[in-house]
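Below: coords26.cif (mmCIF, C-alpha atoms)
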data_input
#
loop_
_atom_site.label_atom_id
_atom_site.label_comp_id
_atom_site.auth_asym_id
_atom_site.auth_seq_id
_atom_site.Cartn_x
_atom_site.Cartn_y
_atom_site.Cartn_z
CA MET J 1 -113.07 26.51 18.61
CA LYS J 2 -113.14 28.17 15.20
CA ARG J 3 -115.12 31.35 14.67
CA SER J 4 -117.60 29.60 12.33
CA GLU J 5 -118.26 26.89 14.93
CA LEU J 6 -118.68 29.49 17.68
CA LEU J 7 -121.23 31.41 15.61
CA GLN J 8 -123.06 28.13 14.99
CA GLU J 9 -123.41 27.54 18.75
CA VAL J 10 -124.60 31.11 19.32
CA ARG J 11 -127.24 30.66 16.63
CA LYS J 12 -128.50 27.50 18.32
CA MET J 13 -128.92 29.28 21.66
CA ARG J 14 -130.69 32.24 20.08
CA PHE J 15 -133.02 29.89 18.22
CA GLU J 16 -133.94 28.15 21.46
CA GLU J 17 -134.88 31.52 22.98
CA ALA J 18 -136.91 32.54 19.96
CA TYR J 19 -138.60 29.16 19.69
CA GLU J 20 -139.53 29.14 23.38
CA GLY J 21 -141.00 32.66 23.11
CA TRP J 22 -143.01 31.67 20.02
CA LYS J 23 -144.34 28.45 21.62
CA ARG J 24 -145.48 30.35 24.72
CA GLY J 25 -147.14 33.01 22.60
CA ARG J 26 -144.91 35.86 23.68
CA LEU J 27 -143.54 36.29 20.14
CA THR J 28 -145.06 36.05 16.69
CA GLN J 29 -143.20 34.27 13.92
CA GLU J 30 -142.24 37.65 12.46
CA GLU J 31 -140.82 38.82 15.79
CA ALA J 32 -138.95 35.56 16.32
CA ALA J 33 -137.48 35.82 12.82
CA ARG J 34 -136.28 39.38 13.52
CA LEU J 35 -134.68 38.17 16.75
CA LEU J 36 -132.63 35.70 14.72
CA GLY J 37 -131.90 38.22 11.98
CA VAL J 38 -133.62 36.19 9.24
CA CYS J 39 -136.77 36.57 7.17
CA ASP J 40 -140.11 34.91 8.03
CA ARG J 41 -139.66 32.26 5.37
CA THR J 42 -136.24 31.19 6.69
CA TYR J 43 -137.60 31.01 10.22
CA ARG J 44 -140.41 28.69 9.11
CA ARG J 45 -137.79 26.47 7.46
CA TYR J 46 -135.91 26.38 10.78
CA LEU J 47 -139.11 25.29 12.53
CA VAL J 48 -139.68 22.41 10.12
CA ARG J 49 -136.09 21.16 10.39
CA TYR J 50 -136.10 21.56 14.19
CA GLU J 51 -139.34 19.61 14.63
CA GLU J 52 -138.08 16.85 12.32
CA GLN J 53 -134.43 16.53 13.44
CA GLY J 54 -134.08 18.57 16.60
CA MET J 55 -131.04 20.81 17.05
CA GLU J 56 -129.02 18.78 14.55
CA GLY J 57 -131.32 20.04 11.84
CA LEU J 58 -130.04 23.57 12.38
CA VAL J 59 -126.36 22.67 11.90
CA ASP J 60 -124.78 24.18 8.78
CA ARG J 61 -123.68 21.08 6.88
CA ARG J 62 -121.00 23.06 5.02
CA LEU J 63 -118.89 23.16 8.20
CA GLY J 64 -116.00 20.72 8.03
CA GLN J 65 -116.23 20.30 4.28
CA VAL J 66 -113.35 21.30 2.01
CA SER J 67 -114.27 24.23 -0.19
CA HIS J 68 -114.21 23.52 -3.92
CA ARG J 69 -112.37 26.85 -4.27
CA SER J 70 -109.53 25.94 -1.92
CA VAL J 71 -106.02 25.78 -3.40
CA PRO J 72 -104.44 22.30 -3.65
CA VAL J 73 -101.96 21.52 -0.89
CA ASP J 74 -99.23 20.80 -3.44
CA GLU J 75 -99.52 24.33 -4.84
CA VAL J 76 -99.29 25.86 -1.37
CA MET J 77 -96.18 23.79 -0.61
CA ALA J 78 -94.60 24.72 -3.96
CA LEU J 79 -95.16 28.42 -3.24
CA THR J 80 -93.69 28.30 0.25
CA ASP J 81 -90.72 26.20 -0.92
CA LEU J 82 -90.05 28.67 -3.73
CA TYR J 83 -90.00 31.58 -1.29
CA SER J 84 -87.98 29.76 1.39
CA HIS J 85 -85.29 28.34 -0.86
CA ARG J 86 -84.86 31.07 -3.48
CA TYR J 87 -86.45 34.37 -2.41
CA GLN J 88 -85.99 34.36 1.35
CA GLY J 89 -86.10 37.93 2.66
CA PHE J 90 -87.99 39.42 -0.31
CA THR J 91 -90.99 41.57 0.53
CA VAL J 92 -94.31 40.07 -0.53
CA LYS J 93 -94.76 42.60 -3.33
CA HIS J 94 -91.26 41.98 -4.66
CA PHE J 95 -91.70 38.20 -4.46
CA TYR J 96 -95.11 38.44 -6.14
CA SER J 97 -93.67 40.28 -9.14
CA TRP J 98 -91.16 37.43 -9.63
CA TYR J 99 -93.82 34.79 -8.95
CA ARG J 100 -95.90 36.19 -11.80
CA ARG J 101 -93.06 37.12 -14.15
CA ALA J 102 -90.54 34.31 -13.80
CA HIS J 103 -92.68 31.42 -12.53
CA ASP J 104 -95.98 32.03 -14.39
CA GLY J 105 -97.93 32.35 -11.14
CA THR J 106 -101.68 32.81 -11.49
CA ARG J 107 -102.84 33.39 -7.91
CA SER J 108 -103.74 36.83 -6.58
CA TYR J 109 -101.41 39.04 -4.56
CA THR J 110 -103.72 38.77 -1.54
CA TRP J 111 -103.65 34.97 -1.63
CA VAL J 112 -99.85 34.89 -1.90
CA LYS J 113 -99.49 37.38 0.97
CA LYS J 114 -101.88 35.51 3.28
CA THR J 115 -100.29 32.15 2.45
CA LEU J 116 -96.79 33.38 3.27
CA GLN J 117 -98.00 35.14 6.42
CA GLY J 118 -99.96 32.05 7.47
CA LYS J 119 -96.81 29.93 7.20
CA GLY J 120 -94.82 32.48 9.21
CA LEU J 121 -92.46 33.25 6.31
CA VAL J 122 -93.19 37.00 6.26
CA PRO J 123 -94.40 39.18 9.14
CA LYS J 124 -97.66 41.07 9.08
CA ALA J 125 -97.07 44.77 8.46
CA SER J 126 -97.71 47.14 11.33
CA ARG J 127 -100.41 49.74 10.95
CA LYS J 128 -99.27 52.72 8.90
CA GLY J 129 -98.98 56.18 10.37
CA THR J 130 -100.82 59.38 9.59
CA HIS J 131 -101.71 59.92 5.96
CA ARG J 132 -99.65 62.63 4.29
CA LYS J 133 -100.36 64.31 1.01
CA ARG J 134 -97.66 64.09 -1.64
CA ARG J 135 -96.60 66.89 -3.94
CA PRO J 136 -98.56 66.70 -7.21
CA ARG J 137 -96.66 65.19 -10.11
CA ALA J 138 -95.62 67.20 -13.14
CA PRO J 139 -98.42 66.80 -15.71
CA TYR J 140 -96.15 66.13 -18.75
CA THR J 141 -93.27 63.74 -19.30
CA GLY J 142 -90.04 65.64 -19.84
CA MET J 143 -91.32 68.58 -17.79
CA MET J 144 -89.21 67.76 -14.71
CA LEU J 145 -86.74 64.97 -14.11
CA HIS J 146 -85.05 63.87 -10.88
CA GLN J 147 -81.43 62.77 -10.61
CA ASP J 148 -79.95 61.39 -7.45
CA GLY J 149 -77.47 58.81 -6.16
CA SER J 150 -77.63 56.30 -3.34
CA ARG J 151 -74.54 54.81 -1.69
CA HIS J 152 -75.27 51.31 -0.48
CA GLU J 153 -73.83 47.81 -0.20
CA TRP J 154 -75.43 46.63 -3.44
CA VAL J 155 -73.35 43.45 -3.44
CA GLN J 156 -71.79 41.90 -0.38
CA GLY J 157 -68.74 43.77 0.87
CA LYS J 158 -68.82 46.53 -1.78
CA LEU J 159 -70.13 50.07 -1.40
CA TRP J 160 -71.22 51.53 -4.75
CA ASP J 161 -73.34 54.49 -5.79
CA LEU J 162 -76.52 53.86 -7.76
CA ILE J 163 -77.29 56.81 -10.10
CA VAL J 164 -80.91 57.17 -11.15
CA THR J 165 -82.50 59.67 -13.54
CA MET J 166 -86.30 59.46 -13.47
CA ASP J 167 -89.35 61.38 -14.70
CA ASP J 168 -91.48 63.17 -12.12
CA ALA J 169 -94.66 62.74 -14.19
CA SER J 170 -94.53 58.96 -14.46
CA SER J 171 -91.73 57.73 -12.12
CA GLU J 172 -90.28 55.97 -15.16
CA HIS J 173 -86.53 55.41 -14.79
CA TYR J 174 -84.71 56.54 -17.93
CA SER J 175 -81.17 55.85 -16.72
CA MET J 176 -79.87 53.66 -13.93
CA PHE J 177 -76.32 52.40 -13.29
CA LEU J 178 -73.75 51.72 -10.59
CA VAL J 179 -70.46 53.60 -10.16
CA GLU J 180 -67.66 53.59 -7.61
CA GLU J 181 -68.51 57.14 -6.52
CA GLU J 182 -71.12 59.70 -7.56
CA GLY J 183 -69.78 62.84 -9.23
CA THR J 184 -69.81 65.09 -12.27
CA GLN J 185 -69.04 62.32 -14.78
CA SER J 186 -71.76 59.99 -13.50
CA SER J 187 -74.29 62.84 -13.57
CA PHE J 188 -73.29 63.67 -17.15
CA GLN J 189 -73.74 60.01 -18.11
CA GLY J 190 -77.28 59.90 -16.72
CA ILE J 191 -78.28 63.03 -18.65
CA LYS J 192 -76.60 61.70 -21.82
CA ASP J 193 -78.62 58.46 -21.58
CA VAL J 194 -81.86 60.44 -21.34
CA ILE J 195 -81.13 62.85 -24.20
CA GLU J 196 -79.98 60.10 -26.55
CA ASP J 197 -83.10 58.01 -25.91
CA HIS J 198 -85.77 60.68 -25.40
CA GLY J 199 -84.47 64.19 -26.09
CA VAL J 200 -83.81 67.36 -24.09
CA PHE J 201 -86.16 68.00 -21.15
CA ALA J 202 -87.30 71.18 -19.40
CA SER J 203 -85.97 71.03 -15.83
CA LEU J 204 -83.92 68.89 -13.44
CA TYR J 205 -84.50 68.48 -9.69
CA THR J 206 -81.38 67.55 -7.68
CA ASP J 207 -79.93 67.67 -4.20
CA ARG J 208 -77.24 70.25 -3.37
CA GLY J 209 -74.28 67.95 -3.99
CA SER J 210 -71.05 69.80 -4.79
CA HIS J 211 -71.00 68.55 -8.38
CA TYR J 212 -74.47 70.04 -8.95
CA TRP J 213 -74.17 73.36 -7.10
CA TYR J 214 -71.77 75.70 -5.38
CA THR J 215 -73.07 76.43 -1.88
CA PRO J 216 -71.15 79.34 -0.29
CA GLU J 217 -72.43 78.62 3.22
CA ALA J 218 -72.91 75.07 4.46
CA GLY J 219 -76.61 74.33 4.69
CA GLY J 220 -77.47 77.62 2.97
CA LYS J 221 -78.80 78.56 -0.41
CA VAL J 222 -76.99 77.57 -3.59
CA ASP J 223 -75.15 80.08 -5.78
CA LYS J 224 -77.10 80.08 -9.04
CA GLU J 225 -74.81 82.71 -10.60
CA ASN J 226 -71.67 80.59 -10.24
CA PRO J 227 -72.43 77.23 -11.90
CA THR J 228 -70.42 74.04 -11.57
CA GLN J 229 -69.29 72.09 -14.63
CA PHE J 230 -72.62 70.28 -14.51
CA GLY J 231 -74.58 73.51 -14.09
CA ARG J 232 -72.75 75.07 -17.06
CA ALA J 233 -73.72 72.09 -19.25
CA MET J 234 -77.37 72.36 -18.20
CA ARG J 235 -77.34 76.07 -19.16
CA GLN J 236 -75.95 75.20 -22.57
CA LEU J 237 -78.75 72.69 -23.04
CA GLY J 238 -81.41 75.12 -21.79
CA ILE J 239 -82.37 72.86 -18.86
CA GLU J 240 -83.46 74.65 -15.69
CA MET J 241 -81.90 73.28 -12.51
CA ILE J 242 -83.98 73.20 -9.31
CA PRO J 243 -82.22 72.62 -5.93
CA ALA J 244 -83.86 70.57 -3.17
CA TYR J 245 -83.37 71.81 0.39
CA SER J 246 -84.50 68.70 2.30
CA PRO J 247 -84.81 64.90 1.83
CA GLU J 248 -88.59 65.31 2.01
CA ALA J 249 -88.45 67.57 -1.05
CA ARG J 250 -86.93 64.63 -2.95
CA GLY J 251 -89.54 62.26 -1.60
CA ARG J 252 -90.33 60.60 -4.92
CA SER J 253 -86.72 59.62 -5.61
CA GLU J 254 -86.08 58.76 -1.94
CA ARG J 255 -88.98 56.28 -1.97
CA ALA J 256 -87.66 54.78 -5.21
CA PHE J 257 -84.23 54.25 -3.62
CA ARG J 258 -85.79 52.48 -0.64
CA THR J 259 -87.39 50.08 -3.09
CA HIS J 260 -84.10 49.58 -4.95
CA GLN J 261 -82.21 48.91 -1.71
CA GLU J 262 -84.84 46.33 -0.79
CA ARG J 263 -85.06 44.65 -4.19
CA LEU J 264 -81.91 45.13 -6.24
CA VAL J 265 -79.60 43.77 -3.52
CA LYS J 266 -81.62 40.55 -3.36
CA GLU J 267 -81.90 40.18 -7.12
CA LEU J 268 -78.16 40.59 -7.65
CA ALA J 269 -77.57 38.00 -4.93
CA VAL J 270 -80.06 35.56 -6.49
CA ALA J 271 -78.34 36.02 -9.88
CA GLY J 272 -74.92 35.45 -8.27
CA ILE J 273 -73.58 38.81 -9.49
CA THR J 274 -70.66 40.44 -7.66
CA ASP J 275 -68.95 42.34 -10.52
CA MET J 276 -69.98 45.94 -11.35
CA LYS J 277 -69.98 45.39 -15.12
CA GLN J 278 -72.29 42.39 -14.80
CA ALA J 279 -74.42 44.28 -12.28
CA ASN J 280 -74.90 47.21 -14.67
CA ALA J 281 -75.84 44.85 -17.50
CA TYR J 282 -78.43 43.25 -15.21
CA VAL J 283 -79.77 46.64 -14.11
CA ARG J 284 -80.03 47.89 -17.69
CA ASN J 285 -81.50 44.77 -19.33
CA VAL J 286 -83.53 43.11 -16.56
CA TYR J 287 -84.10 45.15 -13.42
CA MET J 288 -84.93 48.62 -14.81
CA PRO J 289 -87.45 47.38 -17.45
CA ALA J 290 -89.19 45.21 -14.84
CA PHE J 291 -89.23 48.08 -12.33
CA ASN J 292 -90.77 50.44 -14.88
CA ASP J 293 -93.40 47.87 -15.85
CA GLU J 294 -94.45 47.53 -12.23
CA PHE J 295 -94.09 51.04 -10.82
CA ALA J 296 -94.28 53.57 -13.66
CA VAL J 297 -97.64 55.36 -13.91
CA SER J 298 -99.39 57.12 -16.77
CA PRO J 299 -98.77 60.88 -16.77
CA GLU J 300 -101.68 63.24 -16.28
CA GLU J 301 -101.32 64.54 -19.85
CA ALA J 302 -100.43 62.52 -22.93
CA ALA J 303 -98.22 65.22 -24.49
CA SER J 304 -94.45 65.21 -23.93
CA MET J 305 -92.04 68.10 -23.37
CA PHE J 306 -89.02 66.20 -24.67
CA VAL J 307 -87.37 67.89 -27.66
CA PRO J 308 -84.92 66.08 -29.99
CA TRP J 309 -81.37 67.40 -29.70
CA ALA J 310 -79.66 68.69 -32.85
CA GLY J 311 -76.53 70.72 -33.43
CA THR J 312 -73.42 70.49 -31.26
CA PRO J 313 -72.48 66.86 -30.49
CA ILE J 314 -73.93 66.14 -27.06
CA GLU J 315 -70.60 64.77 -25.78
CA ASP J 316 -69.03 68.22 -26.30
CA ILE J 317 -71.55 69.72 -23.89
CA LEU J 318 -71.81 66.93 -21.33
CA CYS J 319 -68.14 67.07 -20.44
CA GLU J 320 -65.78 69.06 -18.26
CA GLN J 321 -64.60 72.29 -19.89
CA HIS J 322 -61.56 74.14 -18.58
CA GLY J 323 -60.06 77.38 -19.89
CA ARG J 324 -56.31 77.46 -20.53
CA THR J 325 -53.72 79.73 -22.19
CA VAL J 326 -51.36 78.17 -24.73
CA GLY J 327 -47.66 78.34 -23.82
CA ASN J 328 -44.76 79.54 -25.93
CA ASP J 329 -44.15 75.95 -27.10
CA ASN J 330 -47.73 75.62 -28.44
CA CYS J 331 -48.50 73.29 -25.53
CA VAL J 332 -51.30 73.31 -22.98
CA ARG J 333 -50.69 72.15 -19.42
CA PHE J 334 -53.68 70.28 -18.00
CA ASP J 335 -53.98 68.02 -14.96
CA GLY J 336 -50.30 67.04 -15.04
CA LEU J 337 -50.27 66.41 -18.80
CA ILE J 338 -48.59 68.38 -21.59
CA LEU J 339 -50.86 68.55 -24.64
CA GLN J 340 -49.02 69.53 -27.82
CA ILE J 341 -51.13 71.45 -30.37
CA PRO J 342 -50.23 70.26 -33.89
CA PRO J 343 -49.75 72.76 -36.76
CA ASP J 344 -52.83 73.53 -38.87
CA GLN J 345 -53.89 75.60 -41.87
CA TYR J 346 -55.60 78.35 -39.90
CA ARG J 347 -52.75 79.87 -37.83
CA TYR J 348 -48.97 79.85 -37.71
CA HIS J 349 -49.13 79.26 -33.97
CA TYR J 350 -51.43 79.49 -30.92
CA VAL J 351 -48.99 81.04 -28.46
CA ARG J 352 -50.82 83.01 -25.70
CA VAL J 353 -54.19 82.11 -27.22
CA LYS J 354 -57.00 81.25 -24.81
CA VAL J 355 -58.36 77.77 -25.53
CA ARG J 356 -60.74 75.32 -23.92
CA VAL J 357 -59.86 71.80 -22.78
CA HIS J 358 -62.68 69.22 -22.84
CA ARG J 359 -62.49 66.09 -20.69
CA TYR J 360 -65.03 63.49 -21.89
CA LEU J 361 -66.85 60.72 -20.05
CA ASP J 362 -64.32 58.13 -21.23
CA GLY J 363 -61.39 60.22 -19.94
CA ASN J 364 -60.20 61.36 -23.35
CA LEU J 365 -59.35 65.03 -23.94
CA ALA J 366 -59.67 67.65 -26.66
CA ILE J 367 -58.52 71.25 -27.16
CA PHE J 368 -60.95 73.74 -28.69
CA HIS J 369 -60.37 77.25 -30.00
CA GLY J 370 -63.86 78.70 -30.24
CA HIS J 371 -65.87 76.06 -32.11
CA ARG J 372 -62.86 74.39 -33.72
CA ASN J 373 -61.32 71.20 -32.40
CA LEU J 374 -57.54 71.72 -32.57
CA ALA J 375 -56.60 68.22 -31.39
CA SER J 376 -57.85 65.20 -29.47
CA TYR J 377 -55.89 63.10 -26.95
CA ASN J 378 -56.30 59.94 -24.95
CA PHE J 379 -56.36 60.05 -21.15
CA GLN J 380 -52.53 59.80 -21.13
CA GLY J 381 -52.15 62.92 -23.28
CA LYS J 382 -51.19 61.12 -26.53
CA GLU J 383 -52.70 62.74 -29.63
CA ILE J 384 -55.52 60.89 -31.39
CA VAL J 385 -55.28 61.55 -35.11
CA LYS J 386 -58.70 62.00 -36.76
CA LYS J 387 -59.47 62.62 -40.40
CA ASN J 388 -62.47 64.87 -39.76
CA MET J 389 -62.10 67.33 -36.89
CA LYS J 390 -65.37 67.96 -35.07
CA VAL J 391 -66.68 71.36 -34.04
CA ALA J 392 -68.59 72.48 -30.95
#
Re-express the file's structure as structure tokens.
Amino acid sequence: MKRSELLQEVRKMRFEEAYEGWKRGRLTQEEAARLLGVCDRTYRRYLVRYEEQGMEGLVDRRLGQVSHRSVPVDEVMALTDLYSHRYQGFTVKHFYSWYRRAHDGTRSYTWVKKTLQGKGLVPKASRKGTHRKRRPRAPYTGMMLHQDGSRHEWVQGKLWDLIVTMDDASSEHYSMFLVEEEGTQSSFQGIKDVIEDHGVFASLYTDRGSHYWYTPEAGGKVDKENPTQFGRAMRQLGIEMIPAYSPEARGRSERAFRTHQERLVKELAVAGITDMKQANAYVRNVYMPAFNDEFAVSPEEAASMFVPWAGTPIEDILCEQHGRTVGNDNCVRFDGLILQIPPDQYRYHYVRVKVRVHRYLDGNLAIFHGHRNLASYNFQGKEIVKKNMKVA
């Protein structure tokens, strides 16, 4: 018996008790009405209907009728078929975002959730644990960014690292891409994306990965006086680096990665993508904008701490820089390559001169003496002839 029918039977029994008490004079109409939980006027209506039709007069005639607000059966079947055949395994929230965005769905999230749960397509969530208070967000965009990587099987049979650079104030993702393995170059690329699109920011929150920090003792504090290549670049840009000493300290980015592992894997599978280049195009053009639309929040303050970058080309800062001494043959040995310095108008030779080798994100190289670019080379060490030599 349904709950509504059970309540109907209980109401009948309580009315019989109230009616009997009123007929025998033990109860007034007001007291009988209170016993039923209705007003005097409603009780008098019950009396009239009972004396005219008996107990049948008290039956709620709405029982058994189809509500005019109920959703058509065809729409329910279309929703469940869509989930079963195309989005099987998606969480309700993830499926709902696609239902609204890609299929012009108009029903509420609650209706979609209850419909899928009612059909047994998604389980009901267990009760959540103790409420915990999160660290307050930075009040301004550009005040503090997070960068982190997550190694996961983003497409079947392939372990890649997803590199995300996001704003603490709004959770907006500014850069997001997949690489074979997280490291200095991928971290540089994430920062380059942000600076080119938004400007230089104030601080960066990271884990204690070896490309971010030198840590003399495993599990101990980082060495802030001995920066890595990445740390040196952040100093040049005036960006403060903040180390995290536990996963909980990176809670905001950790929660974002859980969402990506739940959603991005399924979306790449639905799109039939197995190649990294195609996956990065999808992440950049489809997934990241949709994620920001759904999850990014408005910062506490409208002002921004991003500052436009001007001066030294950003690629000459966001690169590896290695000191070398020029040999007697005006060559520099670097990473198994011999880089020949061509003659120029400034010096007869560079023998025994200390220079700086830059390795860029694309693998190309350059030799600098102070701020002057002496020569540029491809990743094989072959000189790239340029008309205008850049400075840094």
### Task
Using atom CA of J:Trp213 and atom CA of J:Arg151 as the two end points, give the distance in Å to one decimal.
19.3 Å
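Taken over the shown file, the PyMOL selection byres ((chain J and resi 316-332) around 6) identifies J:Phe188, J:Gln229, J:Ala233, J:Pro313, J:Ile314, J:Glu315, J:Arg333, J:Ile338, J:Leu339, J:Gln340, J:Ile341, J:Tyr350, J:Val351, J:Arg352, J:Val353, J:Lys354, J:Val355, J:Arg356, J:Val357, J:His358, J:Arg359, J:Tyr360.
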### Query
Counting all atoms listed in the file, what is within 9 Å of J:Pro227, bar same-chain residues fewer than 3 positions away, as a ChimeraX atom specification?
/J:212-214,223-224,230-232,235
### Message
Applying the PyMOL selection byres ((chain J and resi 80) around 12) to the file I just gave you, which residues come out? Please list them as a list in words.
### Response
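For this structure, the PyMOL selection byres ((chain J and resi 80) around 12) captures Val73, Asp74, Glu75, Val76, Met77, Ala78, Leu79, Asp81, Leu82, Tyr83, Ser84, His85, Arg86, Tyr87, Gln88, Val92, Phe95, Tyr99, Val112, Lys113, Lys114, Thr115, Leu116, Gln117, Gly118, Lys119, Gly120, Leu121 and Val122 of chain J.
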Residue subset to file, keeping C-alpha atoms, as a JSON list (two decimals), keeping the file's coordinate frame:
[["chain", "number", "residue", "atom", "x", "y", "z"],
["J", 73, "VAL", "CA", -101.96, 21.52, -0.89],
["J", 74, "ASP", "CA", -99.23, 20.80, -3.44],
["J", 75, "GLU", "CA", -99.52, 24.33, -4.84],
["J", 76, "VAL", "CA", -99.29, 25.86, -1.37],
["J", 77, "MET", "CA", -96.18, 23.79, -0.61],
["J", 78, "ALA", "CA", -94.60, 24.72, -3.96],
["J", 79, "LEU", "CA", -95.16, 28.42, -3.24],
["J", 81, "ASP", "CA", -90.72, 26.20, -0.92],
["J", 82, "LEU", "CA", -90.05, 28.67, -3.73],
["J", 83, "TYR", "CA", -90.00, 31.58, -1.29],
["J", 84, "SER", "CA", -87.98, 29.76, 1.39],
["J", 85, "HIS", "CA", -85.29, 28.34, -0.86],
["J", 86, "ARG", "CA", -84.86, 31.07, -3.48],
["J", 87, "TYR", "CA", -86.45, 34.37, -2.41],
["J", 88, "GLN", "CA", -85.99, 34.36, 1.35],
["J", 92, "VAL", "CA", -94.31, 40.07, -0.53],
["J", 95, "PHE", "CA", -91.70, 38.20, -4.46],
["J", 99, "TYR", "CA", -93.82, 34.79, -8.95],
["J", 112, "VAL", "CA", -99.85, 34.89, -1.90],
["J", 113, "LYS", "CA", -99.49, 37.38, 0.97],
["J", 114, "LYS", "CA", -101.88, 35.51, 3.28],
["J", 115, "THR", "CA", -100.29, 32.15, 2.45],
["J", 116, "LEU", "CA", -96.79, 33.38, 3.27],
["J", 117, "GLN", "CA", -98.00, 35.14, 6.42],
["J", 118, "GLY", "CA", -99.96, 32.05, 7.47],
["J", 119, "LYS", "CA", -96.81, 29.93, 7.20],
["J", 120, "GLY", "CA", -94.82, 32.48, 9.21],
["J", 121, "LEU", "CA", -92.46, 33.25, 6.31],
["J", 122, "VAL", "CA", -93.19, 37.00, 6.26]]
### Query
Between J:Pro243, J:Gly149, J:Pro308, J:Gly105, which one has atoms that come closest to J:Glu182, using only C-alpha atoms?
J:Gly149
### Query
What do you get, as a PyMOL selection string, if you spell out every residue that the PyMOL selection byres ((chain J and resi 204) around 6) selects here?
chain J and resi 144-146+203+205+241-242
